[in-house]
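Peer 1: Here you go, this is query.txt (compact mmCIF, C-alpha atoms).
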```txt
# COMPACT_ATOMS: atom_id res chain seq x y z
CA MET E 1 17.21 -3.33 -1.99
CA TYR E 2 18.37 0.29 -2.00
CA ILE E 3 20.47 1.07 -5.08
CA HIS E 4 23.40 3.27 -3.98
CA ALA E 5 25.16 3.43 -7.36
CA LEU E 6 25.09 1.89 -10.82
CA ASP E 7 28.33 1.25 -12.70
CA GLY E 8 29.33 3.52 -15.56
CA SER E 9 28.07 6.98 -16.47
CA TRP E 10 24.42 7.91 -16.27
CA PHE E 11 24.24 7.55 -20.07
CA SER E 12 24.81 3.81 -19.72
CA HIS E 13 21.82 2.92 -17.52
CA PRO E 14 18.04 3.23 -18.17
CA PHE E 15 17.07 5.26 -15.08
CA TRP E 16 16.86 9.00 -14.63
CA ARG E 17 18.51 8.74 -11.21
CA SER E 18 21.16 6.38 -9.84
CA ARG E 19 20.05 6.16 -6.19
CA PHE E 20 16.62 4.74 -5.36
CA LEU E 21 14.78 1.97 -3.55
CA LEU E 22 14.26 -0.86 -6.02
CA SER E 23 10.62 -1.77 -5.28
CA SER E 24 8.83 -1.75 -8.64
CA PRO E 25 8.58 -5.02 -10.61
CA ASP E 26 8.93 -3.05 -13.86
CA ASP E 27 12.10 -1.33 -12.62
CA LEU E 28 13.68 -4.64 -11.63
CA THR E 29 12.88 -6.09 -15.04
CA THR E 30 14.37 -3.00 -16.71
CA LEU E 31 17.50 -3.30 -14.59
CA LEU E 32 17.99 -7.01 -15.29
CA ASP E 33 17.47 -6.45 -19.02
CA SER E 34 19.94 -3.53 -19.14
CA ASP E 35 23.68 -3.56 -19.83
CA VAL E 36 24.51 -2.73 -16.21
CA VAL E 37 26.96 -5.38 -14.93
CA THR E 38 27.62 -4.29 -11.34
CA LEU E 39 25.96 -2.00 -8.82
CA VAL E 40 26.26 -0.95 -5.19
CA ILE E 41 23.50 -1.45 -2.62
CA ASP E 42 23.18 0.34 0.73
CA GLU E 43 22.31 -2.30 3.34
CA SER E 44 21.32 0.34 5.91
CA ARG E 45 18.44 1.53 3.70
CA GLY E 46 17.07 -1.70 2.26
CA VAL E 47 17.16 -5.50 2.30
CA PRO E 48 20.77 -6.70 2.83
CA LEU E 49 22.70 -9.14 0.69
CA THR E 50 22.50 -12.78 1.75
CA ILE E 51 25.96 -14.33 1.60
CA PRO E 52 26.05 -18.10 0.86
CA ALA E 53 28.05 -20.24 3.30
CA PRO E 54 31.31 -21.86 2.20
CA ALA E 55 31.03 -25.52 1.26
CA ASN E 56 32.62 -26.70 4.53
CA GLN E 57 30.41 -24.55 6.75
CA ALA E 58 27.34 -26.14 8.31
CA GLU E 59 25.12 -23.06 8.63
CA PRO E 60 24.66 -20.25 6.11
CA VAL E 61 25.86 -16.79 7.07
CA SER E 62 23.50 -13.89 6.35
CA ALA E 63 24.44 -10.26 6.23
CA LYS E 64 22.40 -8.54 8.94
CA PRO E 65 20.90 -5.12 8.25
CA MET E 66 22.73 -2.18 9.81
CA PRO E 67 20.89 0.40 11.93
CA ARG E 68 19.02 2.74 9.64
CA ALA E 69 21.02 5.94 9.96
CA GLU E 70 22.81 8.17 7.47
CA SER E 71 26.05 7.73 9.45
CA ALA E 72 25.88 3.95 9.19
CA ILE E 73 25.86 3.52 5.41
CA ARG E 74 27.37 0.20 4.43
CA PRO E 75 27.63 0.02 0.65
CA VAL E 76 28.09 -3.47 -0.75
CA ALA E 77 29.15 -4.00 -4.35
CA ILE E 78 27.41 -6.92 -6.04
CA ALA E 79 27.19 -8.36 -9.51
CA ILE E 80 23.68 -8.63 -10.92
CA GLN E 81 22.50 -12.23 -10.92
CA ARG E 82 20.26 -13.00 -13.87
CA SER E 83 18.83 -16.06 -12.13
CA ILE E 84 16.92 -13.97 -9.55
CA GLU E 85 13.18 -14.63 -9.65
CA ARG E 86 11.84 -11.58 -11.38
CA PRO E 87 8.71 -9.59 -10.53
CA CYS E 88 5.93 -10.24 -12.98
CA SER E 89 2.67 -8.92 -14.36
CA ALA E 90 -0.62 -9.23 -12.49
CA ALA E 91 -1.77 -11.90 -14.93
CA GLU E 92 1.36 -13.99 -14.34
CA GLU E 93 1.13 -13.64 -10.55
CA ARG E 94 -2.59 -14.37 -10.30
CA ALA E 95 -2.26 -18.16 -10.13
CA ARG E 96 0.38 -18.02 -7.38
CA ALA E 97 -1.58 -15.34 -5.53
CA THR E 98 -4.67 -17.56 -5.59
CA GLN E 99 -2.67 -20.37 -3.97
CA VAL E 100 -1.30 -17.97 -1.34
CA ILE E 101 -4.81 -16.78 -0.51
CA ASN E 102 -6.22 -20.30 -0.24
CA ARG E 103 -3.39 -21.49 2.03
CA SER E 104 -3.59 -18.33 4.15
CA LYS E 105 -7.35 -18.64 4.49
CA ARG E 106 -7.05 -22.22 5.81
CA VAL E 107 -4.43 -21.16 8.37
CA ILE E 108 -6.43 -18.16 9.57
CA ARG E 109 -9.64 -20.19 9.79
CA ALA E 110 -7.90 -22.79 12.00
CA LEU E 111 -6.15 -20.09 14.04
CA PHE E 112 -9.35 -18.19 14.71
CA ALA E 113 -11.19 -21.42 15.59
CA GLU E 114 -8.54 -22.14 18.21
CA ALA E 115 -8.83 -18.56 19.50
CA ARG E 116 -12.60 -19.01 19.81
CA LEU E 117 -11.91 -22.02 22.04
CA GLY E 118 -9.57 -19.96 24.21
CA LYS E 119 -6.35 -21.50 22.91
CA ALA E 120 -3.20 -19.37 22.62
CA ILE E 121 -2.30 -17.87 19.25
CA ARG E 122 0.56 -19.83 17.64
CA SER E 123 3.04 -17.39 16.14
CA GLU E 124 4.92 -20.15 14.31
CA VAL E 125 2.00 -20.72 11.91
CA ILE E 126 1.67 -17.00 11.19
CA VAL E 127 5.23 -16.35 9.98
CA PRO E 128 4.97 -18.45 6.76
CA VAL E 129 1.65 -16.80 5.88
CA VAL E 130 3.08 -13.29 6.20
CA GLU E 131 6.21 -14.24 4.24
CA GLU E 132 4.14 -15.73 1.41
CA VAL E 133 1.87 -12.68 1.29
CA SER E 134 4.89 -10.35 1.33
CA ALA E 135 6.58 -12.29 -1.48
CA SER E 136 3.44 -12.13 -3.63
CA VAL E 137 3.10 -8.39 -2.99
CA SER E 138 6.73 -7.91 -4.02
CA ARG E 139 6.23 -9.82 -7.26
CA ASN E 140 3.06 -7.91 -8.13
CA SER E 141 0.87 -6.28 -5.49
CA ARG E 142 -2.10 -5.78 -7.82
CA ALA E 143 -2.70 -9.51 -8.24
CA LEU E 144 -3.08 -10.53 -4.60
CA ILE E 145 -4.75 -7.32 -3.40
CA GLY E 146 -7.18 -7.49 -6.30
CA LEU E 147 -8.05 -11.13 -5.64
CA THR E 148 -8.70 -10.56 -1.92
CA ARG E 149 -11.54 -8.20 -2.87
CA LEU E 150 -13.36 -11.13 -4.48
CA LYS E 151 -14.43 -12.67 -1.18
CA SER E 152 -17.89 -14.01 -0.45
CA LYS E 153 -19.91 -12.83 2.53
CA ASP E 154 -19.42 -16.22 4.22
CA GLU E 155 -15.61 -16.08 4.16
CA TYR E 156 -15.26 -12.36 4.85
CA THR E 157 -13.84 -12.70 8.37
CA TYR E 158 -10.88 -14.84 7.26
CA LEU E 159 -10.08 -13.25 3.91
CA HIS E 160 -10.42 -9.77 5.41
CA SER E 161 -7.47 -10.64 7.64
CA VAL E 162 -5.40 -11.79 4.64
CA ALA E 163 -6.40 -8.68 2.67
CA VAL E 164 -5.44 -6.28 5.48
CA CYS E 165 -2.14 -8.15 5.86
CA ALA E 166 -1.41 -7.60 2.15
CA LEU E 167 -2.45 -3.94 2.27
CA MET E 168 -0.31 -3.32 5.36
CA VAL E 169 2.72 -5.01 3.78
CA ASN E 170 2.20 -3.06 0.56
CA LEU E 171 1.89 0.27 2.39
CA ALA E 172 4.90 -0.49 4.62
CA LYS E 173 7.02 -1.23 1.54
CA HIS E 174 5.80 1.99 -0.07
CA LEU E 175 6.83 3.91 3.07
CA ASP E 176 10.33 2.39 2.72
CA LEU E 177 10.18 0.67 6.11
CA ASP E 178 12.76 -2.02 6.83
CA HIS E 179 12.14 -5.74 6.46
CA GLY E 180 11.50 -6.31 10.17
CA GLN E 181 8.90 -3.55 10.29
CA VAL E 182 7.23 -4.82 7.13
CA HIS E 183 6.94 -8.30 8.65
CA ALA E 184 5.61 -6.99 11.98
CA LEU E 185 2.98 -4.90 10.20
CA GLY E 186 1.99 -7.90 8.08
CA VAL E 187 1.42 -9.90 11.30
CA ALA E 188 -0.55 -6.94 12.67
CA GLY E 189 -2.81 -6.93 9.60
CA LEU E 190 -3.35 -10.67 9.85
CA LEU E 191 -4.35 -10.53 13.53
CA HIS E 192 -6.01 -7.12 13.86
CA ASP E 193 -9.54 -8.58 14.09
CA VAL E 194 -8.81 -11.74 16.10
CA GLY E 195 -10.92 -10.28 18.93
CA LYS E 196 -14.03 -10.76 16.79
CA MET E 197 -13.81 -14.44 17.70
CA ALA E 198 -15.27 -13.37 21.07
CA VAL E 199 -18.29 -11.80 19.30
CA PRO E 200 -21.30 -14.10 18.69
CA ASP E 201 -21.79 -15.04 15.03
CA LEU E 202 -25.40 -13.85 15.11
CA VAL E 203 -24.14 -10.37 15.91
CA LEU E 204 -21.06 -10.47 13.70
CA ASN E 205 -22.97 -11.63 10.58
CA LYS E 206 -26.26 -9.83 11.19
CA PRO E 207 -27.60 -8.58 7.81
CA SER E 208 -29.49 -5.64 9.30
CA SER E 209 -28.51 -2.72 11.52
CA LEU E 210 -27.12 -3.53 14.96
CA THR E 211 -28.90 -2.46 18.10
CA ASP E 212 -27.05 -0.27 20.59
CA GLU E 213 -26.45 -3.33 22.77
CA GLU E 214 -25.11 -5.37 19.84
CA PHE E 215 -22.84 -2.56 18.71
CA ALA E 216 -21.49 -2.28 22.25
CA ILE E 217 -20.56 -5.97 22.06
CA VAL E 218 -18.78 -5.51 18.72
CA ARG E 219 -16.85 -2.54 20.11
CA THR E 220 -15.21 -4.82 22.67
CA HIS E 221 -13.28 -6.76 20.03
CA PRO E 222 -10.09 -4.63 20.18
CA GLN E 223 -9.64 -5.34 23.91
CA GLN E 224 -10.65 -8.98 23.46
CA GLY E 225 -8.08 -9.43 20.69
CA HIS E 226 -5.38 -7.60 22.62
CA GLN E 227 -5.89 -9.95 25.57
CA LEU E 228 -5.58 -12.99 23.30
CA LEU E 229 -2.35 -11.68 21.76
CA GLN E 230 -0.87 -10.82 25.15
CA ASN E 231 -1.13 -14.49 26.08
CA ALA E 232 0.70 -15.59 22.92
CA VAL E 233 4.46 -15.96 22.46
CA GLY E 234 6.43 -14.27 19.68
CA ILE E 235 3.79 -11.76 18.56
CA PRO E 236 5.34 -8.40 17.55
CA GLU E 237 4.45 -5.37 19.67
CA ALA E 238 3.07 -3.68 16.54
CA ALA E 239 0.44 -6.43 16.25
CA LEU E 240 -0.81 -5.83 19.79
CA ASP E 241 -0.86 -2.07 19.12
CA VAL E 242 -2.84 -2.35 15.87
CA CYS E 243 -5.24 -4.88 17.35
CA LEU E 244 -6.08 -2.53 20.25
CA HIS E 245 -6.09 0.80 18.37
CA HIS E 246 -7.18 0.25 14.75
CA HIS E 247 -10.59 1.83 15.45
CA GLU E 248 -9.16 5.03 16.91
CA ARG E 249 -9.60 8.21 14.83
CA VAL E 250 -7.23 11.15 14.57
CA ASP E 251 -9.94 13.57 15.78
CA GLY E 252 -10.45 11.59 19.01
CA THR E 253 -13.91 10.18 18.20
CA GLY E 254 -12.80 6.56 17.79
CA TYR E 255 -12.76 3.68 20.25
CA PRO E 256 -11.89 2.18 22.68
CA PHE E 257 -9.86 5.05 24.22
CA LYS E 258 -10.70 8.11 22.06
CA LEU E 259 -7.00 8.68 21.28
CA GLN E 260 -6.21 11.50 18.87
CA GLY E 261 -3.45 12.73 16.58
CA SER E 262 0.05 11.67 17.60
CA GLN E 263 -1.34 9.57 20.45
CA ILE E 264 -2.10 6.99 17.77
CA SER E 265 0.98 5.16 16.49
CA LEU E 266 1.94 4.99 12.81
CA ALA E 267 1.13 1.25 12.83
CA ALA E 268 -2.38 1.83 14.20
CA ARG E 269 -3.05 4.68 11.76
CA MET E 270 -1.97 2.38 8.93
CA GLY E 271 -4.20 -0.37 10.29
CA ALA E 272 -7.21 1.94 10.43
CA ILE E 273 -6.85 2.87 6.76
CA CYS E 274 -6.21 -0.68 5.49
CA ASP E 275 -9.04 -2.13 7.60
CA VAL E 276 -11.67 0.36 6.39
CA TYR E 277 -10.58 0.26 2.75
CA ASP E 278 -10.90 -3.52 2.55
CA ALA E 279 -14.22 -3.44 4.41
CA LEU E 280 -15.64 -0.88 1.98
CA THR E 281 -14.46 -2.76 -1.12
CA SER E 282 -15.80 -6.14 0.07
CA ASN E 283 -19.23 -7.73 0.02
CA ARG E 284 -20.60 -7.85 3.54
CA SER E 285 -23.67 -9.47 5.07
CA TYR E 286 -25.34 -6.04 5.13
CA LYS E 287 -23.90 -4.27 2.03
CA ASN E 288 -22.42 -4.79 -1.40
CA ALA E 289 -18.83 -3.88 -2.25
CA TRP E 290 -17.88 -0.41 -3.42
CA ALA E 291 -15.42 0.17 -6.25
CA PRO E 292 -11.92 1.16 -5.07
CA ASP E 293 -12.21 4.77 -6.25
CA GLU E 294 -15.64 5.08 -4.58
CA ALA E 295 -14.12 3.87 -1.31
CA ILE E 296 -11.26 6.38 -1.55
CA VAL E 297 -13.70 9.24 -2.24
CA LYS E 298 -15.68 8.34 0.88
CA MET E 299 -12.58 7.92 3.05
CA ARG E 300 -11.23 11.32 1.98
CA GLY E 301 -14.58 12.87 2.83
CA TRP E 302 -14.66 11.55 6.39
CA GLN E 303 -12.83 14.44 8.01
CA GLY E 304 -11.02 13.45 11.20
CA HIS E 305 -11.16 9.69 10.63
CA PHE E 306 -7.73 9.14 9.11
CA ASP E 307 -4.30 10.74 8.97
CA PRO E 308 -4.65 12.67 5.65
CA GLU E 309 -0.96 12.44 4.71
CA LEU E 310 -0.90 8.71 5.39
CA LEU E 311 -4.15 8.25 3.46
CA PHE E 312 -2.49 9.87 0.44
CA LYS E 313 0.50 7.53 0.81
CA PHE E 314 -1.98 4.64 0.88
CA MET E 315 -3.55 5.90 -2.36
CA GLN E 316 -0.09 5.96 -3.94
CA SER E 317 0.61 2.42 -2.73
CA ILE E 318 -2.52 0.93 -4.32
CA GLY E 319 -2.64 3.27 -7.34
CA VAL E 320 -6.17 4.52 -6.61
CA PHE E 321 -6.96 8.23 -6.33
CA SER E 322 -10.10 10.29 -5.86
CA PRO E 323 -11.41 11.79 -9.13
CA GLY E 324 -11.21 15.58 -9.15
CA MET E 325 -8.14 15.80 -6.91
CA LEU E 326 -5.57 18.43 -7.84
CA VAL E 327 -2.22 16.64 -7.82
CA ARG E 328 1.43 17.42 -8.49
CA LEU E 329 3.21 15.15 -10.96
CA ARG E 330 6.85 14.15 -11.05
CA SER E 331 7.10 15.85 -14.45
CA ASN E 332 6.71 19.34 -12.88
CA ARG E 333 3.04 19.63 -13.80
CA LEU E 334 -0.26 19.91 -11.97
CA GLY E 335 -3.11 17.69 -13.02
CA ILE E 336 -6.68 16.64 -12.27
CA VAL E 337 -7.34 13.00 -11.41
CA LEU E 338 -9.87 11.62 -13.90
CA GLU E 339 -12.63 9.09 -13.46
CA ASN E 340 -11.31 5.55 -13.80
CA GLY E 341 -13.23 3.97 -16.66
CA GLN E 342 -12.26 0.36 -15.92
CA ARG E 343 -11.72 -1.53 -12.70
CA ALA E 344 -8.08 -2.39 -11.94
CA SER E 345 -6.83 0.00 -14.65
CA ARG E 346 -4.08 2.51 -14.02
CA PRO E 347 -5.10 5.95 -12.69
CA ARG E 348 -5.38 8.73 -15.27
CA VAL E 349 -4.52 12.40 -14.78
CA LEU E 350 -5.17 15.40 -17.02
CA ALA E 351 -1.96 17.47 -16.80
CA PHE E 352 -2.66 21.17 -17.47
CA PHE E 353 -0.23 23.45 -15.56
CA SER E 354 3.56 23.88 -15.40
CA THR E 355 4.78 24.18 -11.80
CA ARG E 356 8.17 25.39 -13.03
CA ASP E 357 6.93 28.21 -15.27
CA ARG E 358 3.56 28.66 -13.48
CA VAL E 359 1.66 28.80 -16.79
CA MET E 360 -1.31 26.91 -18.19
CA LEU E 361 -0.56 24.09 -20.64
CA PRO E 362 -2.74 22.32 -23.22
CA GLY E 363 -4.53 19.47 -21.44
CA VAL E 364 -2.67 16.18 -21.79
CA GLU E 365 -3.98 12.88 -20.45
CA VAL E 366 -1.34 10.84 -18.60
CA VAL E 367 -1.69 7.28 -17.32
CA ILE E 368 0.14 6.96 -14.01
CA ASP E 369 2.51 4.05 -13.51
CA ASP E 370 4.92 3.07 -10.72
CA SER E 371 7.83 2.65 -13.10
CA LEU E 372 10.63 5.22 -12.91
CA ALA E 373 10.33 5.64 -16.67
CA ASN E 374 6.78 7.02 -16.38
CA ASP E 375 5.03 9.84 -14.58
CA GLN E 376 3.87 9.55 -10.98
CA ILE E 377 1.65 11.45 -8.56
CA LEU E 378 3.80 13.06 -5.87
CA SER E 379 1.31 14.96 -3.74
CA GLU E 380 -2.17 16.38 -3.41
CA GLU E 381 -2.20 20.16 -3.83
CA GLU E 382 -4.41 22.92 -2.42
CA PRO E 383 -5.94 24.86 -5.37
CA ALA E 384 -5.74 28.17 -3.48
CA ALA E 385 -1.96 27.77 -3.06
CA TRP E 386 -1.65 28.00 -6.85
CA GLY E 387 -4.10 30.89 -7.24
CA PHE E 388 -7.04 28.71 -8.31
CA THR E 389 -9.76 30.48 -6.31
CA ASP E 390 -12.88 28.93 -7.86
CA TRP E 391 -11.48 25.45 -8.34
CA THR E 392 -14.74 23.66 -9.12
CA MET E 393 -15.59 25.95 -12.05
CA MET E 394 -11.99 26.01 -13.26
CA ALA E 395 -11.71 22.22 -13.21
CA GLU E 396 -14.90 21.91 -15.26
CA LYS E 397 -13.53 24.31 -17.89
CA ILE E 398 -10.19 22.48 -18.07
CA LEU E 399 -11.89 19.12 -18.48
CA ALA E 400 -14.26 20.49 -21.13
CA ALA E 401 -11.38 22.01 -23.11
CA ALA E 402 -9.41 18.77 -22.88
CA SER E 403 -12.25 16.78 -24.44
CA ALA E 404 -11.75 18.65 -27.73
CA PRO E 405 -10.44 16.53 -30.68
CA GLN E 406 -7.00 18.19 -30.66
CA THR E 407 -6.19 16.87 -27.18
CA ARG E 408 -3.10 14.68 -27.38
CA ARG E 409 -3.15 11.32 -25.57
CA LEU E 410 0.12 10.03 -24.13
CA GLY E 411 -1.01 6.60 -23.02
CA ASP E 412 1.29 5.40 -20.27
CA ARG E 413 4.14 7.74 -21.17
CA ALA E 414 5.01 10.73 -19.03
CA GLY E 415 5.78 13.17 -21.84
CA PRO E 416 9.07 14.52 -23.19
CA ALA E 417 12.23 13.16 -21.60
CA SER E 418 13.19 16.67 -20.50
CA ALA E 419 10.04 16.84 -18.36
CA ARG E 420 10.65 13.48 -16.69
CA GLY E 421 14.17 13.94 -15.42
CA VAL E 422 13.23 15.73 -12.20
CA ASP E 423 14.49 14.65 -8.79
CA PHE E 424 12.14 14.72 -5.80
```
The structure in this file should be written as structure tokens.
Peer 2:
Amino acid sequence: MYIHALDGSWFSHPFWRSRFLLSSPDDLTTLLDSDVVTLVIDESRGVPLTIPAPANQAEPVSAKPMPRAESAIRPVAIAIQRSIERPCSAAEERARATQVINRSKRVIRALFAEARLGKAIRSEVIVPVVEEVSASVSRNSRALIGLTRLKSKDEYTYLHSVAVCALMVNLAKHLDLDHGQVHALGVAGLLHDVGKMAVPDLVLNKPSSLTDEEFAIVRTHPQQGHQLLQNAVGIPEAALDVCLHHHERVDGTGYPFKLQGSQISLAARMGAICDVYDALTSNRSYKNAWAPDEAIVKMRGWQGHFDPELLFKFMQSIGVFSPGMLVRLRSNRLGIVLENGQRASRPRVLAFFSTRDRVMLPGVEVVIDDSLANDQILSEEEPAAWGFTDWTMMAEKILAAASAPQTRRLGDRAGPASARGVDF
């Protein structure tokens, strides 16, 4: 939901701003544990309030979302209900996420088997899968997305679909898209590779390099999948789009139509990123999985493959950044992304420069978190724009100086409160 206002003065609530999209599990927990009694949500900018039906009414009445426009704001005052199922930690969500993955895998396996036999895709079996995946991502995205990386080579085809669904849903939520768009993009992720059912298993699972003829067969899967989805009922248009265009590249070197730039829809550009990231971080018949940060480094290096701004948004959504990046922090500082010492740990940044005063600061290590109480990475910055002409040498000096014993560690805190209260 989009928080339009919290009751009382800003001294009485735990957030540094009173209007924001409530999407972080930690922020929801903080809100429910606070002394805030009532708040106002804006139904045009987030999930609307569901109004229970009166006792004598047969069907429940739901508040429908308004068109997303600044002129159509519909604030609704609600009292906070403490019985709402709260978001949880990755450890708490892991058991439920495992069940979601197992159920989803069975559905996708059966669905793809029917597609291989030429049967129409049944949209009614897809909806519950996407809703379960979306709910798990909302509770804690790290649990389900992390578990989908642990797929064996034999079950890659099915779990890859579930993983891309989760990544698409997660990215769509991060982009503040509405519920209908999130659902459509989840369906798109689930079905993006359905055309591979028309590719022989010997080619699809070949452990060595493909011949030119075999690769030509594989490259037909977007059109094959698009044809299958066209014959189905109730499949969102975004799913057909992503299925047909998720191998296009922004520089025009992709397939099947060599589209470029704005010719490729947002949905298809999202699909391209989510598809490749999961492929790189998974064990395949012909390669072992890469670590998430290794995959991001490679993806950033492939100039012309992906929309660079959307790729950065994807990095924010999964909390994985390329070591060595110069980034701007919410706390009005520039920092260098550090190597991630442990898998699944939070990204770390060495903050060293004040963007407000444009002066160097003592190096401070900050652990990035998605909570509003902590620091966040807002953007990737060009070193030359800040006067850092020889960035490679400068970064090495900053990192060397920061390794001295006097360097202060902040853990997962963003620094002084005065540095955190910055709107963006």
Peer 1: Just want the 10 Å neighbourhood of range 135-137 of chain E, counted on all atoms listed in the file, with same-chain residues fewer than 5 positions away dropped. Output as a list in words.
Peer 2: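 So, after excluding close chain neighbours, the residues are Pro25, Pro87, Cys88, Glu93, Arg94, Arg96, Ala97, Thr98, Val100, Ile101, Val129, Val130, Arg142, Ala143, Leu144, Ile145, Ala166, Leu167, Val169, Asn170 and Lys173 of chain E.
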Peer 1: Nearest residue to Ile398 in chain E out of E:Glu380, E:Glu365, E:Asp278, E:Asp370, using only C-alpha atoms?
Peer 2: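 Under the stated criterion, the closest residue is E:Glu365.
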Peer 1: Please compute the CA of Arg149 in chain E-CA of Arg346 in chain E distance, one decimal, in Å.
Peer 2: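 The value is 17.2 Å.
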Peer 1: Under the rule that all atoms listed in the file are counted, which of E:Phe352, E:Gly363, E:Ser331, E:Ile108 is the nearest residue to Asp375 in chain E?
Peer 2: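 Answer, going by the shortest atom-to-atom distance: E:Ser331.
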Peer 1: Kindly give the distance, in Å, that separates CA of Asn332 in chain E and CA of Asp369 in chain E, rounded to a single decimal.
Peer 2: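 The value is 15.9 Å.
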Peer 1: Using all atoms listed in the file, can you tell me which of E:Pro128, E:Val250, E:Asn102, E:Phe112 comes closest to Ala163 in chain E?
Peer 2: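 When distances to Ala163 in chain E are compared using all atoms listed in the file, the smallest one comes from E:Asn102.
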Peer 1: Applying 10 Å and only C-alpha atoms, which residues near range 236-249 of chain E remain after dropping the ones on its own chain fewer than 3 positions away? List them as an NGL selection string.
Peer 2: :E and (123 or 180-181 or 183-195 or 219-230 or 233 or 252-261 or 263-276 or 303-307)
Peer 1: Please, which residues are within 10 Å of (-11.7, -13.6, 3.2) by the file's coordinates, counting all atoms listed in the file, and could they come as a ChimeraX atom specification?
Peer 2: /E:101-102,104-105,108-109,147-164,282
Peer 1: Just write the chosen residues, C-alpha atoms, as a PDB file, keeping the file's coordinate frame.
Peer 2:
```
ATOM      1  CA  ILE E 101      -4.810 -16.780  -0.510  1.00  0.00           C
ATOM      2  CA  ASN E 102      -6.220 -20.300  -0.240  1.00  0.00           C
ATOM      3  CA  SER E 104      -3.590 -18.330   4.150  1.00  0.00           C
ATOM      4  CA  LYS E 105      -7.350 -18.640   4.490  1.00  0.00           C
ATOM      5  CA  ILE E 108      -6.430 -18.160   9.570  1.00  0.00           C
ATOM      6  CA  ARG E 109      -9.640 -20.190   9.790  1.00  0.00           C
ATOM      7  CA  LEU E 147      -8.050 -11.130  -5.640  1.00  0.00           C
ATOM      8  CA  THR E 148      -8.700 -10.560  -1.920  1.00  0.00           C
ATOM      9  CA  ARG E 149     -11.540  -8.200  -2.870  1.00  0.00           C
ATOM     10  CA  LEU E 150     -13.360 -11.130  -4.480  1.00  0.00           C
ATOM     11  CA  LYS E 151     -14.430 -12.670  -1.180  1.00  0.00           C
ATOM     12  CA  SER E 152     -17.890 -14.010  -0.450  1.00  0.00           C
ATOM     13  CA  LYS E 153     -19.910 -12.830   2.530  1.00  0.00           C
ATOM     14  CA  ASP E 154     -19.420 -16.220   4.220  1.00  0.00           C
ATOM     15  CA  GLU E 155     -15.610 -16.080   4.160  1.00  0.00           C
ATOM     16  CA  TYR E 156     -15.260 -12.360   4.850  1.00  0.00           C
ATOM     17  CA  THR E 157     -13.840 -12.700   8.370  1.00  0.00           C
ATOM     18  CA  TYR E 158     -10.880 -14.840   7.260  1.00  0.00           C
ATOM     19  CA  LEU E 159     -10.080 -13.250   3.910  1.00  0.00           C
ATOM     20  CA  HIS E 160     -10.420  -9.770   5.410  1.00  0.00           C
ATOM     21  CA  SER E 161      -7.470 -10.640   7.640  1.00  0.00           C
ATOM     22  CA  VAL E 162      -5.400 -11.790   4.640  1.00  0.00           C
ATOM     23  CA  ALA E 163      -6.400  -8.680   2.670  1.00  0.00           C
ATOM     24  CA  VAL E 164      -5.440  -6.280   5.480  1.00  0.00           C
ATOM     25  CA  SER E 282     -15.800  -6.140   0.070  1.00  0.00           C
TER      26      SER E 282
END
```
Peer 1: Pick out the closest residue to Leu329 in chain E from this set: E:Asp293, E:Val359, E:Leu202, E:Ile377. Count only C-alpha atoms.
Peer 2: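 Checking each candidate against Leu329 in chain E, we get E:Ile377 as the closest.
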Peer 1: May I have the residues within 10 Å of range 207-209 of chain E as a PDB file with C-alpha atoms, in the frame of the given file, using all atoms listed in the file and disregarding those fewer than 5 positions away in the same chain?
Peer 2:
```pdb
ATOM      1  CA  LEU E 202     -25.400 -13.850  15.110  1.00  0.00           C
ATOM      2  CA  GLU E 214     -25.110  -5.370  19.840  1.00  0.00           C
ATOM      3  CA  PHE E 215     -22.840  -2.560  18.710  1.00  0.00           C
ATOM      4  CA  ARG E 284     -20.600  -7.850   3.540  1.00  0.00           C
ATOM      5  CA  SER E 285     -23.670  -9.470   5.070  1.00  0.00           C
ATOM      6  CA  TYR E 286     -25.340  -6.040   5.130  1.00  0.00           C
ATOM      7  CA  LYS E 287     -23.900  -4.270   2.030  1.00  0.00           C
TER       8      LYS E 287
END
```
Peer 1: Between E:Leu210, E:Leu32, E:Val182, E:Leu334, which one has atoms that come closest to Met168 in chain E, using only C-alpha atoms?
Peer 2: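 For Met168 in chain E, the nearest of the candidates is E:Val182.
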Peer 1: With distances taken over all atoms listed in the file, which residue among E:Gly301, E:Met325, E:Trp386, E:Asn374 lies nearest Thr355 in chain E?
Peer 2: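 Result for the nearest residue to Thr355 in chain E: E:Trp386.
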Peer 1: As an exercise, work out the distance from CA of Gln316 in chain E to CA of Ile126 in chain E in Å and give it to one decimal place.
Peer 2: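 Interatomic distance here is 27.6 Å.
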Peer 1: Just the residues within 10 Å of range 19-24 of chain E, please, counting all atoms listed in the file, with nothing from its chain fewer than 2 positions along; format it as a VMD selection string.
Peer 2: chain E and resid 1 to 6 15 to 17 26 to 31 40 to 42 45 to 47 87 to 88 138 to 141 173 to 174 176 369 to 372
